[in-house]
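Colleague: So here's query.tsv (TSV, C-alpha atoms and all ligand atoms).
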```
chain	number	residue	atom	x	y	z
O	4	MET	CA	121.71	110.70	106.82
O	5	PRO	CA	120.25	113.00	108.47
O	6	CYS	CA	117.82	113.56	105.51
O	7	THR	CA	117.91	110.71	103.00
O	8	VAL	CA	115.60	110.34	100.02
O	9	VAL	CA	115.08	106.83	98.60
O	10	VAL	CA	113.74	106.53	95.04
O	11	CYS	CA	113.85	103.95	92.23
O	12	GLY	CA	116.00	104.28	89.12
O	13	PHE	CA	114.05	101.91	86.85
O	14	PHE	CA	110.31	101.09	86.55
O	15	GLY	CA	109.45	100.45	90.21
O	16	ASP	CA	109.66	97.14	92.08
O	17	THR	CA	113.38	97.44	92.70
O	18	GLY	CA	113.14	96.98	96.47
O	19	LYS	CA	112.66	100.42	98.02
O	20	GLY	CA	110.67	98.73	100.79
O	21	LYS	CA	113.58	96.49	101.66
O	22	VAL	CA	116.17	99.29	101.49
O	23	THR	CA	114.16	101.80	103.55
O	24	SER	CA	113.21	99.21	106.17
O	25	TYR	CA	116.92	98.36	106.56
O	26	LEU	CA	117.94	102.04	106.77
O	27	SER	CA	115.30	102.75	109.42
O	28	LEU	CA	116.59	99.92	111.62
O	29	LYS	CA	120.30	100.50	111.02
O	30	ASP	CA	120.25	104.31	111.33
O	31	LYS	CA	117.47	104.46	113.93
O	32	ALA	CA	115.39	106.86	111.85
O	33	ALA	CA	113.31	109.22	113.98
O	34	VAL	CA	110.93	110.09	111.17
O	35	ALA	CA	109.98	108.41	107.90
O	36	ALA	CA	107.77	110.22	105.44
O	37	ARG	CA	106.04	108.41	102.61
O	38	ALA	CA	106.16	110.33	99.32
O	39	GLY	CA	105.08	109.21	95.83
O	40	VAL	CA	101.74	108.70	94.15
O	41	GLY	CA	99.64	106.62	96.58
O	42	PRO	CA	98.37	103.06	97.02
O	43	ASN	CA	99.35	102.03	93.46
O	44	ALA	CA	102.69	101.15	95.08
O	45	GLY	CA	103.37	97.82	96.77
O	46	HIS	CA	106.41	97.85	99.04
O	47	THR	CA	107.47	94.47	100.41
O	48	VAL	CA	109.14	94.31	103.80
O	49	VAL	CA	110.43	91.10	105.41
O	50	HIS	CA	111.34	91.40	109.07
O	51	GLU	CA	111.61	88.87	111.91
O	52	GLY	CA	110.08	86.11	109.82
O	53	ASN	CA	107.05	88.13	108.68
O	54	GLU	CA	106.35	89.47	105.20
O	55	TYR	CA	104.38	92.74	104.85
O	56	LYS	CA	103.09	94.20	101.60
O	57	LEU	CA	102.50	97.87	102.26
O	58	ARG	CA	100.72	100.27	99.96
O	59	MET	CA	100.30	103.33	102.21
O	60	LEU	CA	102.52	103.29	105.29
O	61	PRO	CA	106.28	103.96	105.20
O	62	SER	CA	108.36	100.75	105.18
O	63	ALA	CA	110.21	102.15	108.21
O	64	PHE	CA	107.38	100.85	110.45
O	65	VAL	CA	109.74	97.96	111.32
O	66	TYR	CA	111.76	100.33	113.52
O	67	ASP	CA	109.32	100.76	116.37
O	68	LYS	CA	110.56	104.19	117.49
O	69	CYS	CA	110.11	105.74	114.05
O	70	ARG	CA	107.31	108.23	113.43
O	71	LEU	CA	105.40	107.26	110.27
O	72	LEU	CA	104.11	110.14	108.16
O	73	ILE	CA	102.28	110.51	104.85
O	74	GLY	CA	103.07	113.73	102.99
O	75	PRO	CA	100.47	116.05	101.45
O	76	GLY	CA	101.45	115.08	97.90
O	77	VAL	CA	100.40	111.46	98.47
O	78	LEU	CA	96.92	110.11	97.68
O	79	VAL	CA	95.30	108.24	100.54
O	80	ASN	CA	92.85	105.33	100.41
O	81	PRO	CA	91.45	105.59	103.98
O	82	ASP	CA	90.31	101.95	104.28
O	83	LEU	CA	93.63	100.61	103.08
O	84	LEU	CA	95.53	102.93	105.40
O	85	LEU	CA	93.46	101.94	108.45
O	86	ARG	CA	93.94	98.26	107.60
O	87	GLU	CA	97.74	98.72	107.42
O	88	ILE	CA	97.80	100.65	110.70
O	89	LYS	CA	96.00	97.71	112.33
O	90	LEU	CA	98.23	95.12	110.67
O	91	THR	CA	101.42	96.85	111.83
O	92	GLN	CA	99.98	97.98	115.20
O	93	SER	CA	101.32	101.46	114.58
O	94	ARG	CA	98.32	103.60	115.58
O	95	ARG	CA	100.24	105.88	117.94
O	96	ARG	CA	103.02	106.62	115.45
O	97	VAL	CA	101.09	107.46	112.28
O	98	GLY	CA	100.47	110.97	110.96
O	99	VAL	CA	98.63	111.98	107.79
O	100	ASP	CA	98.78	115.46	106.32
O	101	PRO	CA	95.36	117.18	106.18
O	102	GLN	CA	96.06	118.12	102.54
O	103	CYS	CA	96.46	114.53	101.27
O	104	ALA	CA	93.85	113.94	98.56
O	105	VAL	CA	91.52	111.01	99.16
O	106	ILE	CA	90.73	108.20	96.72
O	107	GLY	CA	87.04	107.33	96.49
O	108	PRO	CA	85.22	104.38	94.87
O	109	GLU	CA	84.50	106.52	91.78
O	110	HIS	CA	88.25	106.94	91.15
O	111	ILE	CA	88.85	103.20	91.41
O	112	GLU	CA	85.96	102.49	89.06
O	113	ALA	CA	87.27	104.98	86.48
O	114	ASP	CA	90.77	103.47	86.73
O	115	LYS	CA	89.47	99.98	85.94
O	116	LYS	CA	88.02	100.76	82.53
O	117	GLY	CA	88.64	102.42	79.17
O	118	HIS	CA	91.97	103.86	78.11
O	119	LEU	CA	93.57	103.59	81.58
O	120	ALA	CA	92.85	99.86	81.94
O	121	LYS	CA	93.19	98.81	78.31
O	122	LYS	CA	96.00	100.95	76.94
O	123	ILE	CA	98.07	102.14	79.90
O	124	LYS	CA	97.32	99.02	81.97
O	125	THR	CA	97.33	100.92	85.26
O	126	THR	CA	97.19	99.27	88.66
O	127	GLY	CA	93.46	100.08	88.86
O	128	THR	CA	93.85	101.60	92.32
O	129	GLY	CA	92.23	104.95	91.46
O	130	THR	CA	95.36	107.08	91.64
O	131	GLY	CA	95.24	108.58	88.11
O	132	PRO	CA	91.57	109.68	88.28
O	133	CYS	CA	92.14	111.03	91.82
O	134	ASN	CA	95.15	113.10	90.74
O	135	ALA	CA	93.11	114.34	87.75
O	136	GLU	CA	90.38	115.50	90.12
O	137	ARG	CA	92.99	117.07	92.33
O	138	ALA	CA	94.23	119.10	89.37
O	139	LEU	CA	90.62	120.21	88.79
O	140	ARG	CA	90.46	121.16	92.50
O	141	THR	CA	87.31	119.19	93.16
O	142	VAL	CA	88.85	116.29	95.12
O	143	LYS	CA	88.21	115.65	98.84
O	144	LEU	CA	91.14	116.00	101.23
O	145	ALA	CA	92.07	113.98	104.31
O	146	GLN	CA	90.82	116.86	106.50
O	147	ASP	CA	87.27	116.17	105.17
O	148	ILE	CA	87.25	112.51	106.30
O	149	PRO	CA	86.14	111.90	109.97
O	150	LYS	CA	87.82	108.47	110.21
O	151	LEU	CA	91.22	110.07	109.51
O	152	GLU	CA	90.80	112.86	112.08
O	153	ALA	CA	92.86	111.17	114.80
O	154	TYR	CA	95.88	110.96	112.49
O	155	LEU	CA	95.96	114.46	111.01
O	156	THR	CA	99.22	116.36	111.49
O	157	ASP	CA	101.30	119.01	109.73
O	158	VAL	CA	103.72	116.63	107.98
O	159	PRO	CA	106.06	119.24	106.41
O	160	LEU	CA	106.42	120.89	109.84
O	161	GLU	CA	107.19	117.58	111.56
O	162	VAL	CA	109.72	116.54	108.93
O	163	ASN	CA	111.53	119.88	108.84
O	164	THR	CA	111.62	120.11	112.64
O	165	ALA	CA	113.23	116.68	112.80
O	166	ILE	CA	115.85	117.80	110.24
O	167	ASP	CA	116.47	121.01	112.27
O	168	GLU	CA	117.06	118.87	115.34
O	169	GLY	CA	119.64	116.76	113.50
O	170	LYS	CA	117.53	113.60	113.64
O	171	ASN	CA	117.64	110.94	110.95
O	172	VAL	CA	114.83	111.38	108.45
O	173	LEU	CA	113.88	109.06	105.59
O	174	VAL	CA	111.79	110.13	102.62
O	175	GLU	CA	110.40	107.08	100.81
O	176	GLY	CA	109.45	107.54	97.18
O	177	THR	CA	107.33	105.15	95.11
O	178	GLN	CA	107.17	103.79	91.56
O	179	GLY	CA	110.29	104.50	89.49
O	180	THR	CA	112.03	107.16	87.44
O	181	TYR	CA	110.77	105.80	84.09
O	182	LEU	CA	107.18	105.74	85.32
O	183	SER	CA	107.38	109.50	85.95
O	184	LEU	CA	104.74	111.59	84.19
O	185	PHE	CA	107.53	114.05	83.23
O	186	HIS	CA	110.60	111.86	82.70
O	187	GLY	CA	109.10	108.45	81.99
O	188	THR	CA	107.80	106.69	78.91
O	189	TYR	CA	104.68	108.82	78.35
O	190	PRO	CA	101.82	107.87	78.03
O	191	TYR	CA	102.87	104.58	79.68
O	192	CYS	CA	103.58	106.13	83.04
O	193	THR	CA	101.96	107.06	86.33
O	194	SER	CA	99.98	110.21	87.12
O	195	LYS	CA	102.73	112.51	88.42
O	196	ASP	CA	106.48	112.98	88.68
O	197	VAL	CA	108.16	110.42	90.95
O	198	THR	CA	111.82	111.48	90.88
O	199	ALA	CA	113.66	112.65	94.01
O	200	SER	CA	112.62	116.29	93.58
O	201	ALA	CA	108.96	115.25	93.49
O	202	ALA	CA	109.42	113.04	96.56
O	203	CYS	CA	110.77	116.08	98.45
O	204	SER	CA	107.88	118.22	97.31
O	205	ASP	CA	105.40	115.50	98.34
O	206	VAL	CA	106.50	115.77	101.96
O	207	GLY	CA	107.32	119.50	102.02
O	208	VAL	CA	111.12	119.31	102.16
O	209	GLY	CA	113.08	121.88	100.15
O	210	PRO	CA	116.01	120.77	97.95
O	211	THR	CA	118.65	122.41	100.18
O	212	ARG	CA	117.66	120.21	103.14
O	213	VAL	CA	118.48	116.86	101.58
O	214	ASP	CA	121.80	115.16	102.38
O	215	GLU	CA	121.63	111.91	100.43
O	216	VAL	CA	119.61	110.62	97.49
O	217	ILE	CA	119.80	106.83	97.32
O	218	LEU	CA	118.76	105.48	93.93
O	219	VAL	CA	117.54	101.89	94.08
O	220	PHE	CA	118.15	99.48	91.21
O	221	LYS	CA	117.59	95.76	90.93
O	222	ALA	CA	120.27	93.47	89.46
O	223	TYR	CA	117.93	93.10	86.48
O	224	THR	CA	115.07	95.27	85.21
O	225	THR	CA	111.33	94.57	85.43
O	226	ARG	CA	108.23	96.41	84.33
O	227	VAL	CA	104.50	95.78	84.79
O	228	GLY	CA	101.77	97.21	82.59
O	229	GLY	CA	102.19	98.77	79.14
O	230	GLY	CA	105.13	100.65	77.58
O	231	PRO	CA	108.61	99.94	76.27
O	232	LEU	CA	111.15	97.71	78.04
O	233	PRO	CA	114.43	97.55	76.09
O	234	ASN	CA	115.88	94.03	75.63
O	235	GLU	CA	112.77	92.40	77.10
O	236	LEU	CA	113.07	88.65	77.63
O	237	ALA	CA	110.42	86.05	76.91
O	238	TRP	CA	108.63	84.93	80.11
O	239	GLU	CA	110.16	81.44	79.74
O	240	GLU	CA	113.66	82.92	79.60
O	241	ALA	CA	112.93	85.10	82.64
O	242	GLU	CA	111.75	81.98	84.48
O	243	LYS	CA	114.94	80.15	83.53
O	244	ARG	CA	117.05	82.98	84.97
O	245	GLY	CA	114.94	83.22	88.14
O	246	TRP	CA	113.76	86.73	87.16
O	247	ALA	CA	110.08	85.82	86.73
O	248	GLU	CA	108.21	87.96	89.27
O	249	ILE	CA	104.54	88.54	90.06
O	250	ALA	CA	103.39	92.11	90.87
O	251	THR	CA	102.53	92.90	94.51
O	252	VAL	CA	99.44	95.05	93.94
O	253	THR	CA	97.89	93.57	90.77
O	254	GLY	CA	99.16	89.97	90.67
O	255	ARG	CA	100.27	90.50	87.05
O	256	LYS	CA	103.42	88.99	85.59
O	257	ARG	CA	106.36	91.40	85.61
O	258	ARG	CA	108.15	91.72	82.28
O	259	ALA	CA	111.93	91.29	82.68
O	260	ALA	CA	115.15	92.46	80.99
O	261	PRO	CA	118.84	92.63	81.91
O	262	PHE	CA	120.27	95.54	83.97
O	263	ASN	CA	120.08	98.64	81.77
O	264	TYR	CA	123.18	100.84	82.11
O	265	GLU	CA	121.84	103.66	79.90
O	266	LEU	CA	118.65	104.00	81.93
O	267	ALA	CA	120.66	103.78	85.16
O	268	LYS	CA	122.99	106.60	84.11
O	269	ARG	CA	120.13	108.88	83.14
O	270	ALA	CA	118.30	108.08	86.38
O	271	VAL	CA	121.37	109.22	88.36
O	272	MET	CA	121.20	112.53	86.51
O	273	LEU	CA	117.43	112.99	86.87
O	274	ASN	CA	117.44	112.25	90.60
O	275	GLY	CA	120.73	113.88	91.59
O	276	ALA	CA	121.70	110.57	93.17
O	277	THR	CA	124.57	110.57	95.66
O	278	GLN	CA	124.54	106.77	96.18
O	279	ALA	CA	123.00	103.71	94.59
O	280	ALA	CA	121.60	100.46	95.97
O	281	ILE	CA	121.31	97.22	93.98
O	282	THR	CA	118.87	94.61	95.24
O	283	LYS	CA	118.49	90.92	94.35
O	284	VAL	CA	122.22	90.45	93.87
O	285	ASP	CA	121.56	86.93	95.22
O	286	VAL	CA	119.13	86.24	92.38
O	287	MET	CA	121.85	87.05	89.81
O	288	PHE	CA	124.59	85.39	91.85
O	289	PRO	CA	123.06	82.65	94.04
O	290	GLU	CA	126.39	82.06	95.81
O	291	CYS	CA	125.92	85.51	97.43
O	292	GLU	CA	122.69	84.62	99.23
O	293	GLY	CA	122.56	86.15	102.70
O	294	VAL	CA	126.11	87.60	102.46
O	295	LYS	CA	126.59	90.70	104.64
O	296	SER	CA	130.11	91.87	103.85
O	297	TYR	CA	131.54	93.00	100.54
O	298	GLU	CA	134.64	90.83	100.91
O	299	LYS	CA	132.48	87.70	101.02
O	300	LEU	CA	130.75	88.38	97.70
O	301	SER	CA	131.92	86.28	94.73
O	302	ARG	CA	134.38	87.80	92.26
O	303	GLN	CA	131.64	87.78	89.61
O	304	ALA	CA	129.26	89.75	91.82
O	305	LYS	CA	132.00	92.26	92.70
O	306	ASN	CA	132.81	92.68	89.02
O	307	PHE	CA	129.16	93.44	88.31
O	308	VAL	CA	128.98	96.03	91.12
O	309	GLU	CA	132.26	97.67	90.10
O	310	ASN	CA	131.11	97.79	86.51
O	311	VAL	CA	127.88	99.53	87.52
O	312	GLU	CA	129.87	102.06	89.57
O	313	GLN	CA	132.16	102.72	86.63
O	314	GLU	CA	129.17	103.39	84.38
O	315	ILE	CA	126.95	105.45	86.68
O	316	GLN	CA	129.74	107.29	88.51
O	317	VAL	CA	128.18	107.15	91.97
O	318	PRO	CA	129.11	104.69	94.72
O	319	VAL	CA	126.98	101.56	95.05
O	320	THR	CA	126.69	101.52	98.82
O	321	LEU	CA	123.95	98.95	99.52
O	322	LEU	CA	123.60	95.47	98.04
O	323	GLY	CA	120.57	93.29	98.68
O	324	THR	CA	121.44	89.62	99.16
O	325	GLY	CA	118.07	88.27	100.33
O	326	PRO	CA	114.51	89.35	101.16
O	327	ASP	CA	115.01	90.07	104.89
O	328	ALA	CA	115.64	93.69	105.90
O	329	TRP	CA	119.02	92.68	107.35
O	330	GLU	CA	120.20	90.66	104.33
O	331	ILE	CA	122.27	93.49	102.92
O	332	VAL	CA	125.87	94.53	102.32
O	333	ASP	CA	126.33	98.09	103.65
O	334	ARG	CA	129.39	99.87	102.26
O	335	ARG	CA	128.34	103.40	103.24
O	336	GLU	CA	131.02	103.95	105.87
O	337	LYS	CA	133.83	102.94	103.52
O	338	GLN	CA	132.61	105.06	100.62
O	339	ILE	CA	131.41	108.28	102.20
O	340	SER	CA	133.49	111.04	103.87
C	401	LIG	P1	99.06	103.79	87.74
C	401	LIG	O1	100.16	104.39	88.53
C	401	LIG	O2	98.21	102.82	88.51
C	401	LIG	O3	98.24	104.85	87.02
C	401	LIG	O4	99.70	102.90	86.57
C	401	LIG	C1	100.47	103.48	85.51
C	401	LIG	C2	101.62	102.57	85.14
C	401	LIG	O5	102.57	102.53	86.20
C	401	LIG	C3	101.23	101.11	84.87
C	401	LIG	O6	102.11	100.60	83.89
C	401	LIG	C4	101.51	100.44	86.21
C	401	LIG	O7	101.77	99.05	86.06
C	401	LIG	C5	102.76	101.19	86.65
C	401	LIG	N1	102.93	101.25	88.12
C	401	LIG	C6	102.27	102.05	88.99
C	401	LIG	N2	102.71	101.84	90.25
C	401	LIG	C7	103.67	100.92	90.18
C	401	LIG	C8	104.52	100.31	91.15
C	401	LIG	O8	104.50	100.61	92.35
C	401	LIG	N3	105.40	99.39	90.70
C	401	LIG	C9	105.47	99.07	89.39
C	401	LIG	N4	104.71	99.60	88.44
C	401	LIG	C10	103.81	100.52	88.82
C	402	MG	MG	106.31	97.31	94.07
```
Represent the supplied structure as structure tokens.
Modeller:
Amino acid sequence: MPCTVVVCGFFGDTGKGKVTSYLSLKDKAAVAARAGVGPNAGHTVVHEGNEYKLRMLPSAFVYDKCRLLIGPGVLVNPDLLLREIKLTQSRRRVGVDPQCAVIGPEHIEADKKGHLAKKIKTTGTGTGPCNAERALRTVKLAQDIPKLEAYLTDVPLEVNTAIDEGKNVLVEGTQGTYLSLFHGTYPYCTSKDVTASAACSDVGVGPTRVDEVILVFKAYTTRVGGGPLPNELAWEEAEKRGWAEIATVTGRKRRAAPFNYELAKRAVMLNGATQAAITKVDVMFPECEGVKSYEKLSRQAKNFVENVEQEIQVPVTLLGTGPDAWEIVDRREKQIS
């Protein structure tokens, strides 16, 4: 820290929710700002025996002193946001930028038919049509919606002030590098860039203010919707390996493949990553379930991690060993400085 950006190096669903919730608790983040596209994301957080599936609020809500902001680049679904505020009892801590564009029923309807539904296989949450309308400069903003009035705040000002004061700030991206409109597998991608630079722009933080970019990978690769997935496994094989996952937002089956070193290397370049996280190490190596120190990982798991480091040339500082926010191996102190 102080300003850490968390983004995904594959196709989303690598565990940004888990990693950012852990970082908020461990580093006592003063401010967390949600970047990314909007409610097409589903970030899963497990804390104190409860599981939360968040689509709008920062995963840092688990740290109860953290201010929870949504940057102007992010699309807001007001009903979903209000529901999540209620669910997490975070009313006093939430701030939404007046310039966030707002998803309406017409965007959701357009996203559920035609080319977007049939060819791209989007999440159907209205984000693409809303961003299209934003580009046409006809979309409504959060400042036009009375039920959001109580939450409106200048998010870039709050985030930059916190950085000026030396506080810990988390910027939480969504989706993944290869779903980026610019760097992903066009046209099978989301409706804007989602790399670290875009995440900074979404919340109004300039590139010189960022200290760490943590790139999140999973021990294997998954993808939902259309588009290429190199070395894709049959669903039955994924099931056999324990890699068969169901998508958070859409309930669709996630397609699975082994860890992809080439994609990982390129993602490090595209995001300017300074560190990497690998989640679901316990799914690949069940003997590592719940392990919290590097020494206690199996030799096989260590070999895998060291191999990834060798290939991507940045330290792998965080290793997920279970769903709970605290089930993590944190090697940051040993690797940095
Ligand atoms: P859209 O972002 O809903 O327009 O969907 C475009 C593509 O990105 C589809 O293949 C979706 O399945 C995928 N996608 C969008 N958001 C996520 C996410 O948070 N995790 C995984 N895939 C996503
Ligand atoms: Mg997800």
Colleague: So that I can see what lies close to O:Thr125, please list as a list in words the residues with an atom at most 7 Å from it, counting all atoms listed in the file and leaving out residues fewer than 3 positions away in the same chain.
Modeller: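 Selected residues are Leu119, Ala120 and Gly228 of chain O.
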Colleague: Nearest to O:Ala38: which of O:Thr225, O:Thr211, O:Asn310, O:Ser204 is it, counting only C-alpha atoms?
Modeller: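 Closest candidate: O:Ser204.
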Colleague: To one decimal place, how far is atom CA of O:Pro210 from atom CA of O:Thr224 in Å?
Modeller: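 Pair atom CA of O:Pro210 / atom CA of O:Thr224 returns 28.5 Å.
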Colleague: Give the answer as one residue: which of O:Ala237, O:Ala145, O:Val8, O:Ala250 has the shortest atom-to-atom distance to O:Ala44, using all atoms listed in the file?
Modeller: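 The closest residue to O:Ala44 is O:Ala250.
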Colleague: So which residues touch O:Lys29 within 10 Å, counting all atoms listed in the file, skipping near sequence neighbours fewer than 4 positions away, as a ChimeraX atom specification?
Modeller: /O:23-25,66,328-329,333
Colleague: How would you write, as a PyMOL selection string, the set of residues no farther than 8 Å from ligand MG 402 (chain C) when counting all atoms listed in the file?
Modeller: chain O and resi 15-18+44-47+177-178+250-252
Colleague: Nearest to O:Leu83 among O:Lys337, O:Lys56, O:Arg70, O:Lys305, with distances taken over only C-alpha atoms: which residue is it?
Modeller: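 Checking each candidate against O:Leu83, we get O:Lys56 as the closest.
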Colleague: Which residue is closest to O:Thr324? Choose from O:Tyr264, O:Lys21, O:Leu60, O:Leu85 and count all atoms listed in the file.
Modeller: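 Answer, going by the shortest atom-to-atom distance: O:Lys21.
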Colleague: O:Cys103, O:Ile123, O:Val332, O:Val65: which is nearest ligand LIG 401 (chain C), counting all atoms listed in the file?
Modeller: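 Among the listed residues, the smallest separation from ligand LIG 401 (chain C) belongs to O:Ile123.
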Colleague: So the first atom is atom CA of O:Gly20 and the second is atom CA of O:Gly176; what is the distance between them in Å, to one decimal place?
Modeller: 9.6 Å
Colleague: Could you give me, as a list in words, the residues within 10 Å of O:Val174, counting all atoms listed in the file and dropping anything in the same chain fewer than 3 positions from it?
Modeller: Cys6, Thr7, Val8, Val9, Val10, Thr23, Val34, Ala35, Ala36, Arg37, Ala38, Gly39, Pro61, Ala63, Leu72, Ile73, Gly74, Val162, Ala199, Ala202, Cys203, Asp205, Val206, Val208, Val213 and Val216 of chain O
Colleague: I'd like the interatomic distance between atom CA of O:Gln316 and atom CA of O:Glu235, to a tenth of an Å.
Modeller: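 One can read the atom CA of O:Gln316 to atom CA of O:Glu235 distance as 25.3 Å.
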Colleague: Nearest residue to ligand LIG 401 (chain C) out of O:Val317, O:Cys11, O:Val79, O:Ala222, using only C-alpha atoms and all ligand atoms?
Modeller: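 The shortest atom-to-atom distance to ligand LIG 401 (chain C) comes from O:Cys11.
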Colleague: Neighbourhood query: residues within 10 Å of (120.1, 102.8, 84.0), file coordinates, counting only C-alpha atoms; return as a PyMOL selection string.
Modeller: chain O and resi 12-13+180-181+220+224+262-271+311+314-315
Colleague: Please put the answer as JSON: centre and edge lengths, in Å with one decimal, of a box along x, y and z that encloses all listed atoms of stretch 72-75 of chain O plus 8 Å on each side.
Modeller:
```
{"center_x": 102.3, "center_y": 113.1, "center_z": 104.8, "size_x": 19.6, "size_y": 21.9, "size_z": 22.7}
```
Colleague: Please output stretch 117-134 of chain O, rebuilt to include N, CA, C and O atoms, as an mmCIF file, keeping the file's coordinate frame.
Modeller:
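File written: selection_33.cif
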```cif
data_model
loop_
_atom_site.group_PDB
_atom_site.id
_atom_site.type_symbol
_atom_site.label_atom_id
_atom_site.label_comp_id
_atom_site.auth_asym_id
_atom_site.auth_seq_id
_atom_site.Cartn_x
_atom_site.Cartn_y
_atom_site.Cartn_z
ATOM 1 N N GLY O 117 88.242 101.529 80.264
ATOM 2 C CA GLY O 117 88.640 102.420 79.170
ATOM 3 C C GLY O 117 90.136 102.456 78.929
ATOM 4 O O GLY O 117 90.841 101.464 79.134
ATOM 5 N N HIS O 118 90.582 103.624 78.508
ATOM 6 C CA HIS O 118 91.970 103.860 78.110
ATOM 7 C C HIS O 118 92.975 103.511 79.231
ATOM 8 O O HIS O 118 94.017 102.907 78.972
ATOM 9 N N LEU O 119 92.631 103.855 80.477
ATOM 10 C CA LEU O 119 93.570 103.590 81.580
ATOM 11 C C LEU O 119 93.795 102.092 81.776
ATOM 12 O O LEU O 119 94.936 101.649 81.948
ATOM 13 N N ALA O 120 92.716 101.310 81.735
ATOM 14 C CA ALA O 120 92.850 99.860 81.940
ATOM 15 C C ALA O 120 93.404 99.188 80.687
ATOM 16 O O ALA O 120 94.318 98.368 80.770
ATOM 17 N N LYS O 121 92.869 99.566 79.527
ATOM 18 C CA LYS O 121 93.190 98.810 78.310
ATOM 19 C C LYS O 121 94.502 99.211 77.677
ATOM 20 O O LYS O 121 95.268 98.376 77.225
ATOM 21 N N LYS O 122 94.769 100.509 77.610
ATOM 22 C CA LYS O 122 96.000 100.950 76.940
ATOM 23 C C LYS O 122 97.166 101.096 77.920
ATOM 24 O O LYS O 122 98.229 100.519 77.731
ATOM 25 N N ILE O 123 96.963 101.862 78.968
ATOM 26 C CA ILE O 123 98.070 102.140 79.900
ATOM 27 C C ILE O 123 98.306 100.943 80.820
ATOM 28 O O ILE O 123 99.407 100.729 81.293
ATOM 29 N N LYS O 124 97.247 100.173 81.064
ATOM 30 C CA LYS O 124 97.320 99.020 81.970
ATOM 31 C C LYS O 124 97.779 99.461 83.366
ATOM 32 O O LYS O 124 98.783 98.995 83.908
ATOM 33 N N THR O 125 97.014 100.393 83.927
ATOM 34 C CA THR O 125 97.330 100.920 85.260
ATOM 35 C C THR O 125 97.104 99.847 86.329
ATOM 36 O O THR O 125 96.588 98.768 86.033
ATOM 37 N N THR O 126 97.403 100.200 87.551
ATOM 38 C CA THR O 126 97.190 99.270 88.660
ATOM 39 C C THR O 126 95.710 99.204 89.062
ATOM 40 O O THR O 126 95.339 98.366 89.884
ATOM 41 N N GLY O 127 94.888 100.106 88.550
ATOM 42 C CA GLY O 127 93.460 100.080 88.860
ATOM 43 C C GLY O 127 93.137 100.487 90.294
ATOM 44 O O GLY O 127 92.074 100.158 90.827
ATOM 45 N N THR O 128 94.029 101.233 90.912
ATOM 46 C CA THR O 128 93.850 101.600 92.320
ATOM 47 C C THR O 128 93.244 103.002 92.497
ATOM 48 O O THR O 128 93.130 103.494 93.623
ATOM 49 N N GLY O 129 92.915 103.659 91.391
ATOM 50 C CA GLY O 129 92.230 104.950 91.460
ATOM 51 C C GLY O 129 93.144 106.165 91.503
ATOM 52 O O GLY O 129 92.655 107.298 91.597
ATOM 53 N N THR O 130 94.444 105.955 91.427
ATOM 54 C CA THR O 130 95.360 107.080 91.640
ATOM 55 C C THR O 130 95.313 108.116 90.502
ATOM 56 O O THR O 130 95.304 109.317 90.769
ATOM 57 N N GLY O 131 95.273 107.640 89.240
ATOM 58 C CA GLY O 131 95.240 108.580 88.110
ATOM 59 C C GLY O 131 93.995 109.460 88.144
ATOM 60 O O GLY O 131 94.096 110.702 88.139
ATOM 61 N N PRO O 132 92.789 108.855 88.212
ATOM 62 C CA PRO O 132 91.570 109.680 88.280
ATOM 63 C C PRO O 132 91.551 110.603 89.508
ATOM 64 O O PRO O 132 91.047 111.717 89.438
ATOM 65 N N CYS O 133 92.119 110.175 90.625
ATOM 66 C CA CYS O 133 92.140 111.030 91.820
ATOM 67 C C CYS O 133 93.083 112.220 91.613
ATOM 68 O O CYS O 133 92.737 113.356 91.947
ATOM 69 N N ASN O 134 94.249 111.980 91.030
ATOM 70 C CA ASN O 134 95.150 113.100 90.740
ATOM 71 C C ASN O 134 94.542 114.051 89.703
ATOM 72 O O ASN O 134 94.759 115.268 89.770
#
```
